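**Student:** So here's upload-v4.cif, just mmCIF, C-alpha atoms:
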data_run
#
loop_
_atom_site.label_atom_id
_atom_site.label_comp_id
_atom_site.auth_asym_id
_atom_site.auth_seq_id
_atom_site.Cartn_x
_atom_site.Cartn_y
_atom_site.Cartn_z
CA MET A 1 33.10 -30.74 6.06
CA ASN A 2 35.89 -29.40 3.84
CA GLU A 3 35.18 -26.49 1.49
CA GLN A 4 35.21 -27.40 -2.19
CA PRO A 5 38.02 -25.90 -4.24
CA PHE A 6 36.62 -22.66 -5.68
CA SER A 7 35.59 -22.65 -9.32
CA LYS A 8 33.90 -19.93 -11.35
CA SER A 9 30.80 -22.08 -11.80
CA MET A 10 30.10 -21.69 -8.08
CA THR A 11 29.27 -18.01 -8.55
CA TYR A 12 27.83 -18.12 -12.08
CA ALA A 13 24.31 -16.66 -12.09
CA PRO A 14 22.59 -16.09 -15.46
CA GLY A 15 21.31 -12.53 -15.69
CA LEU A 16 23.68 -11.18 -13.05
CA PRO A 17 26.99 -9.47 -13.87
CA GLU A 18 30.29 -11.00 -12.79
CA GLY A 19 31.05 -9.99 -9.22
CA ALA A 20 27.38 -9.86 -8.21
CA THR A 21 27.65 -13.18 -6.38
CA PHE A 22 30.10 -14.86 -4.03
CA TYR A 23 30.50 -18.37 -2.62
CA SER A 24 30.22 -18.87 1.14
CA ALA A 25 29.22 -21.75 3.43
CA HIS A 26 28.58 -24.02 0.43
CA LYS A 27 26.09 -21.57 -1.07
CA LYS A 28 26.04 -19.09 -3.91
CA ARG A 29 25.10 -15.71 -2.43
CA VAL A 30 24.20 -12.40 -4.07
CA THR A 31 26.07 -9.34 -2.79
CA SER A 32 24.09 -6.62 -0.99
CA HIS A 33 25.42 -4.10 -3.54
CA ALA A 34 23.96 -6.14 -6.42
CA ILE A 35 20.60 -6.43 -4.64
CA ALA A 36 20.48 -2.69 -3.91
CA LYS A 37 21.24 -1.93 -7.55
CA ALA A 38 18.57 -4.38 -8.72
CA VAL A 39 15.99 -2.75 -6.42
CA GLU A 40 16.67 0.76 -7.71
CA GLU A 41 16.59 -0.47 -11.32
CA ALA A 42 13.33 -2.34 -10.72
CA LEU A 43 11.71 0.75 -9.21
CA SER A 44 12.94 2.91 -12.09
CA GLU A 45 11.63 0.46 -14.69
CA ARG A 46 8.22 0.71 -13.01
CA GLY A 47 8.33 4.50 -13.24
CA VAL A 48 9.29 5.22 -9.63
CA MET A 49 12.25 7.46 -8.84
CA ILE A 50 13.85 7.95 -5.41
CA LYS A 51 12.81 11.61 -5.62
CA ASP A 52 9.14 10.60 -6.00
CA ILE A 53 9.25 8.78 -2.67
CA ALA A 54 11.27 11.55 -1.01
CA GLU A 55 8.56 14.07 -1.95
CA ILE A 56 6.04 12.07 0.10
CA VAL A 57 8.44 12.00 3.06
CA LEU A 58 8.92 15.77 2.76
CA ASP A 59 5.16 16.39 2.82
CA LEU A 60 4.79 14.13 5.87
CA GLN A 61 7.61 15.58 7.95
CA LYS A 62 7.94 19.23 6.91
CA PRO A 63 5.17 20.43 9.29
CA PHE A 64 7.21 19.07 12.21
CA MET A 65 10.76 19.87 11.04
CA SER A 66 11.81 23.39 10.12
CA GLY A 67 14.51 23.51 7.50
CA LEU A 68 13.81 20.02 6.18
CA THR A 69 14.89 19.70 2.54
CA LEU A 70 14.15 17.26 -0.25
CA GLU A 71 17.82 16.24 -0.12
CA ASN A 72 17.40 15.20 3.55
CA CYS A 73 14.44 13.06 2.53
CA VAL A 74 16.29 11.49 -0.42
CA GLU A 75 19.11 10.55 1.97
CA ASN A 76 16.67 8.81 4.32
CA VAL A 77 14.88 6.99 1.48
CA ARG A 78 18.23 5.64 0.26
CA ALA A 79 19.13 4.61 3.81
CA VAL A 80 15.98 2.52 4.30
CA LEU A 81 16.40 0.99 0.83
CA ALA A 82 19.71 -0.43 2.09
CA LYS A 83 17.75 -2.72 4.47
CA ARG A 84 17.69 -6.29 3.16
CA GLU A 85 14.16 -7.01 4.42
CA LEU A 86 12.81 -4.10 2.40
CA GLN A 87 14.92 -4.94 -0.64
CA HIS A 88 13.60 -8.51 -0.69
CA ALA A 89 9.99 -7.37 -0.29
CA ILE A 90 10.36 -4.93 -3.20
CA LEU A 91 11.90 -7.53 -5.51
CA VAL A 92 9.21 -10.12 -4.70
CA GLY A 93 6.33 -7.64 -5.04
CA ILE A 94 7.51 -6.13 -8.32
CA GLU A 95 8.14 -9.57 -9.78
CA LEU A 96 4.58 -10.67 -8.95
CA ASP A 97 3.20 -7.51 -10.57
CA ARG A 98 5.27 -8.16 -13.70
CA LEU A 99 4.16 -11.78 -13.92
CA ALA A 100 0.52 -10.75 -13.52
CA GLU A 101 0.91 -8.26 -16.38
CA LYS A 102 2.14 -11.10 -18.59
CA ASN A 103 -0.69 -13.40 -17.42
CA MET A 104 1.94 -15.82 -16.10
CA LEU A 105 0.46 -16.57 -12.68
CA SER A 106 -1.75 -19.59 -12.17
CA GLN A 107 -5.44 -19.11 -11.45
CA PRO A 108 -7.01 -17.97 -9.22
CA LEU A 109 -3.89 -16.03 -8.11
CA GLN A 110 -3.68 -14.36 -11.53
CA SER A 111 -7.14 -12.83 -11.15
CA LEU A 112 -6.58 -11.84 -7.53
CA VAL A 113 -3.41 -9.94 -8.37
CA ASP A 114 -4.31 -8.34 -11.71
CA GLN A 115 -7.69 -7.18 -10.38
CA ASP A 116 -6.18 -6.02 -7.06
CA GLU A 117 -8.94 -7.90 -5.28
CA GLY A 118 -10.01 -5.97 -2.18
CA LEU A 119 -9.99 -9.04 0.07
CA PHE A 120 -6.60 -10.30 -1.19
CA GLY A 121 -4.50 -8.46 1.42
CA VAL A 122 -1.18 -10.16 0.71
CA ASP A 123 0.18 -6.99 -0.88
CA GLU A 124 -0.43 -5.07 2.36
CA THR A 125 0.95 -7.97 4.41
CA ILE A 126 4.28 -7.94 2.56
CA ALA A 127 4.50 -4.14 2.78
CA LEU A 128 3.65 -4.17 6.50
CA GLY A 129 6.30 -6.81 7.11
CA ALA A 130 8.86 -4.46 5.58
CA VAL A 131 7.64 -1.67 7.89
CA SER A 132 7.94 -3.67 11.12
CA SER A 133 11.64 -3.03 11.71
CA PHE A 134 11.05 0.74 11.78
CA GLY A 135 8.59 0.73 14.68
CA SER A 136 5.13 2.06 15.43
CA ILE A 137 5.65 5.42 13.71
CA ALA A 138 6.31 3.63 10.44
CA ALA A 139 3.32 1.32 10.93
CA THR A 140 0.83 4.13 11.59
CA THR A 141 2.31 6.23 8.76
CA PHE A 142 1.95 3.27 6.39
CA GLY A 143 -1.72 2.96 7.33
CA TYR A 144 -2.25 6.65 6.60
CA LEU A 145 -0.47 6.48 3.23
CA ASP A 146 -2.33 3.32 2.24
CA LYS A 147 -5.62 5.13 2.84
CA VAL A 148 -4.81 8.59 1.40
CA LYS A 149 -2.52 7.40 -1.43
CA PRO A 150 -0.69 10.70 -2.10
CA LYS A 151 1.41 11.57 -5.16
CA ILE A 152 3.14 8.58 -6.85
CA ILE A 153 1.22 6.06 -4.70
CA GLY A 154 -2.13 7.30 -6.03
CA ARG A 155 -0.86 7.42 -9.61
CA LEU A 156 0.31 3.82 -9.40
CA ASP A 157 -2.95 2.71 -7.78
CA LEU A 158 -5.00 4.22 -10.61
CA GLU A 159 -2.72 3.23 -13.49
CA LYS A 160 -4.48 1.09 -16.12
CA HIS A 161 -3.78 0.03 -19.72
CA GLY A 162 -2.45 -3.40 -18.82
CA LYS A 163 -0.26 -2.22 -15.93
CA VAL A 164 -0.45 -4.09 -12.62
CA ASN A 165 0.80 -2.29 -9.51
CA THR A 166 -1.02 -4.34 -6.88
CA PHE A 167 2.14 -4.79 -4.80
CA LEU A 168 4.10 -1.74 -5.92
CA ASP A 169 1.82 0.99 -4.56
CA ASP A 170 1.87 -0.59 -1.09
CA LEU A 171 5.64 -1.05 -1.24
CA ILE A 172 6.14 2.63 -2.06
CA ALA A 173 3.97 3.51 0.96
CA SER A 174 6.19 1.19 3.02
CA ILE A 175 9.41 2.86 1.84
CA ALA A 176 8.04 6.35 2.52
CA ALA A 177 6.76 5.32 5.97
CA ASP A 178 10.10 3.76 6.88
CA ALA A 179 12.04 6.82 5.71
CA SER A 180 9.70 9.13 7.66
CA SER A 181 10.17 7.08 10.82
CA ARG A 182 13.95 7.01 10.41
CA LEU A 183 14.00 10.77 9.87
CA ALA A 184 11.83 11.47 12.93
CA HIS A 185 14.07 9.35 15.16
CA ARG A 186 17.27 10.90 13.77
CA VAL A 187 15.98 14.42 14.36
CA ARG A 188 15.09 13.56 17.97
CA ASP A 189 18.51 11.96 18.51
CA ASP A 190 20.25 15.08 17.15
CA GLU A 191 18.11 17.31 19.37
CA GLU A 192 18.96 15.32 22.50
CA LYS A 193 22.63 15.33 21.54
CA ARG A 194 22.64 19.14 21.20
CA ILE A 195 20.92 19.58 24.59
CA SER A 196 23.37 17.20 26.23
CA GLN A 197 26.35 19.03 24.75
CA ALA A 198 24.94 22.40 25.81
CA LYS A 199 24.64 21.19 29.41
CA GLU A 200 28.29 20.15 29.41
CA HIS A 201 29.42 23.68 28.55
#
Write the structure described by the file as structure tokens, please.
**Tutor:**
Amino acid sequence: MNEQPFSKSMTYAPGLPEGATFYSAHKKRVTSHAIAKAVEEALSERGVMIKDIAEIVLDLQKPFMSGLTLENCVENVRAVLAKRELQHAILVGIELDRLAEKNMLSQPLQSLVDQDEGLFGVDETIALGAVSSFGSIAATTFGYLDKVKPKIIGRLDLEKHGKVNTFLDDLIASIAADASSRLAHRVRDDEEKRISQAKEH
């Protein structure tokens, strides 16, 4: 099948700036840069900064890594936020929280989400799906964070006054768990590389 001659309408997307989309294989696609920017903006609008998540990673990994800094943790949080699977999970989860706040979901889903029904479980399922690509360390760390709910995770979980964070608190736990796993593996890789280089000399 021949490609259609390109026209601007092929990449027009209301609400997205020019250059945020491109046309490929007969489909309008959103650039990874635009998605990453949307994710960080969505988190910020919900009161979550990259530094907030990095602080959780620092608390998790500092006992095992001498010299670990908050900057190291910020770097790893940003790295995992570049993963499309995690980006998509964040955008979906935050959108559902927003819609629930506006009472725009159909029943009974509206009640399940805005009450954070204990047997609902879909929020954890989406967050766990985003953890899967970072291995067993991320999965077990997510379980720990979901139970303990430290720092920003606990604040989001307890936030009231019309705010719904049913998906967001689990997604933050997922990001922190992924970043912790990535950091642990990178540190081990660096250690093995140093030992290997030392043997060569």
**Student:** Can you tell me which residues surround segment 79-91 of chain A at a distance of at most 10 Å, considering all atoms listed in the file, apart from same-chain residues fewer than 3 positions away, and format the answer as a compact mmCIF listing (two decimals) with C-alpha atoms, keeping the file's coordinate frame?
**Tutor:**
# COMPACT_ATOMS: atom_id res chain seq x y z
CA SER A 32 24.09 -6.62 -0.99
CA HIS A 33 25.42 -4.10 -3.54
CA ILE A 35 20.60 -6.43 -4.64
CA ALA A 36 20.48 -2.69 -3.91
CA LYS A 37 21.24 -1.93 -7.55
CA ALA A 38 18.57 -4.38 -8.72
CA VAL A 39 15.99 -2.75 -6.42
CA GLU A 40 16.67 0.76 -7.71
CA ALA A 42 13.33 -2.34 -10.72
CA LEU A 43 11.71 0.75 -9.21
CA ILE A 50 13.85 7.95 -5.41
CA CYS A 73 14.44 13.06 2.53
CA VAL A 74 16.29 11.49 -0.42
CA GLU A 75 19.11 10.55 1.97
CA ASN A 76 16.67 8.81 4.32
CA ILE A 94 7.51 -6.13 -8.32
CA GLU A 95 8.14 -9.57 -9.78
CA LEU A 96 4.58 -10.67 -8.95
CA ASP A 123 0.18 -6.99 -0.88
CA ILE A 126 4.28 -7.94 2.56
CA ALA A 127 4.50 -4.14 2.78
CA LEU A 128 3.65 -4.17 6.50
CA GLY A 129 6.30 -6.81 7.11
CA ALA A 130 8.86 -4.46 5.58
CA VAL A 131 7.64 -1.67 7.89
CA SER A 132 7.94 -3.67 11.12
CA SER A 133 11.64 -3.03 11.71
CA PHE A 134 11.05 0.74 11.78
CA PHE A 167 2.14 -4.79 -4.80
CA LEU A 168 4.10 -1.74 -5.92
CA ASP A 170 1.87 -0.59 -1.09
CA LEU A 171 5.64 -1.05 -1.24
CA ILE A 172 6.14 2.63 -2.06
CA SER A 174 6.19 1.19 3.02
CA ILE A 175 9.41 2.86 1.84
CA ALA A 176 8.04 6.35 2.52
CA ALA A 177 6.76 5.32 5.97
CA ASP A 178 10.10 3.76 6.88
CA ALA A 179 12.04 6.82 5.71
CA SER A 180 9.70 9.13 7.66
CA SER A 181 10.17 7.08 10.82
CA ARG A 182 13.95 7.01 10.41
**Student:** Apply the PyMOL selection byres ((chain A and resi 51) around 10) to the structure shown and report the selected residues as number ranges by chain.
**Tutor:** A: 48-50, 52-57, 70-71, 73-75, 77-78
**Student:** Run the PyMOL selection byres ((chain A and resi 106-121) around 10) against the file shown and list the residues it catches, as a PyMOL selection string.
**Tutor:** chain A and resi 96-105+122-126+157+162-167
**Student:** Padding 5 Å on each side, edges along x, y and z: where is the centre of the box around the listed atoms of segment 113-129 of chain A, and how long are its edges in Å to one decimal? Output it as lines of an AutoDock Vina configuration file.
**Tutor:**
center_x = -1.9
center_y = -7.2
center_z = -2.3
size_x = 26.3
size_y = 16.2
size_z = 28.8
**Student:** So the first atom is atom CA of His185 of chain A and the second is atom CA of Ile152 of chain A; what is the distance between them in Å, to one decimal place?
**Tutor:**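 Distance reported for this atom pair: 24.6 Å.
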**Student:** Got a sec: who's within 10 Å of Gly154 of chain A, counting only C-alpha atoms, leaving out chain neighbours fewer than 6 positions off, as JSON, numbers by chain?
**Tutor:** {"A": [145, 146, 147, 148, 169]}
**Student:** Applying 9 Å and only C-alpha atoms, which residues near Ala184 of chain A remain after dropping the ones on its own chain fewer than 3 positions away? List them as a PyMOL selection string.
**Tutor:** chain A and resi 61+64-65+137+179-181+187-189
**Student:** For atom CA of Leu68 of chain A and atom CA of Phe142 of chain A, determine how far apart the two atoms are, in Å to one decimal place.
**Tutor:** 20.5 Å
**Student:** Could you complete segment 165-185 of chain A so that it carries N, CA and C atoms, and give it back as a short mmCIF file (atom, residue, chain, number, x, y, z; two decimals), in the frame of the given file?
**Tutor:**
data_model
loop_
_atom_site.label_atom_id
_atom_site.label_comp_id
_atom_site.auth_asym_id
_atom_site.auth_seq_id
_atom_site.Cartn_x
_atom_site.Cartn_y
_atom_site.Cartn_z
N ASN A 165 -0.01 -2.84 -10.60
CA ASN A 165 0.80 -2.29 -9.51
C ASN A 165 0.24 -2.69 -8.15
N THR A 166 -0.36 -3.87 -8.10
CA THR A 166 -1.02 -4.34 -6.88
C THR A 166 -0.07 -4.32 -5.69
N PHE A 167 1.15 -4.77 -5.88
CA PHE A 167 2.14 -4.79 -4.80
C PHE A 167 2.92 -3.49 -4.72
N LEU A 168 3.20 -2.89 -5.88
CA LEU A 168 4.10 -1.74 -5.92
C LEU A 168 3.59 -0.54 -5.14
N ASP A 169 2.31 -0.20 -5.26
CA ASP A 169 1.82 0.99 -4.56
C ASP A 169 1.97 0.84 -3.04
N ASP A 170 1.71 -0.35 -2.52
CA ASP A 170 1.87 -0.59 -1.09
C ASP A 170 3.34 -0.57 -0.68
N LEU A 171 4.21 -1.06 -1.54
CA LEU A 171 5.64 -1.05 -1.24
C LEU A 171 6.19 0.36 -1.20
N ILE A 172 5.70 1.24 -2.08
CA ILE A 172 6.14 2.63 -2.06
C ILE A 172 5.69 3.30 -0.76
N ALA A 173 4.46 2.99 -0.33
CA ALA A 173 3.97 3.51 0.96
C ALA A 173 4.86 3.02 2.09
N SER A 174 5.30 1.77 2.00
CA SER A 174 6.19 1.19 3.02
C SER A 174 7.53 1.92 3.06
N ILE A 175 8.12 2.16 1.90
CA ILE A 175 9.41 2.86 1.84
C ILE A 175 9.29 4.26 2.44
N ALA A 176 8.24 4.98 2.03
CA ALA A 176 8.04 6.35 2.52
C ALA A 176 7.80 6.36 4.03
N ALA A 177 7.03 5.40 4.53
CA ALA A 177 6.76 5.32 5.97
C ALA A 177 8.03 5.02 6.74
N ASP A 178 8.84 4.10 6.23
CA ASP A 178 10.10 3.76 6.88
C ASP A 178 11.05 4.96 6.91
N ALA A 179 11.14 5.66 5.78
CA ALA A 179 12.04 6.82 5.71
C ALA A 179 11.56 7.93 6.65
N SER A 180 10.25 8.12 6.76
CA SER A 180 9.70 9.13 7.66
C SER A 180 10.02 8.80 9.11
N SER A 181 9.86 7.52 9.47
CA SER A 181 10.17 7.08 10.82
C SER A 181 11.65 7.27 11.14
N ARG A 182 12.50 6.86 10.21
CA ARG A 182 13.95 7.01 10.41
C ARG A 182 14.31 8.48 10.61
N LEU A 183 13.73 9.34 9.79
CA LEU A 183 14.00 10.77 9.87
C LEU A 183 13.56 11.34 11.21
N ALA A 184 12.36 10.97 11.65
CA ALA A 184 11.83 11.47 12.93
C ALA A 184 12.74 11.07 14.09
N HIS A 185 13.19 9.82 14.08
CA HIS A 185 14.07 9.35 15.16
C HIS A 185 15.43 10.03 15.11
#
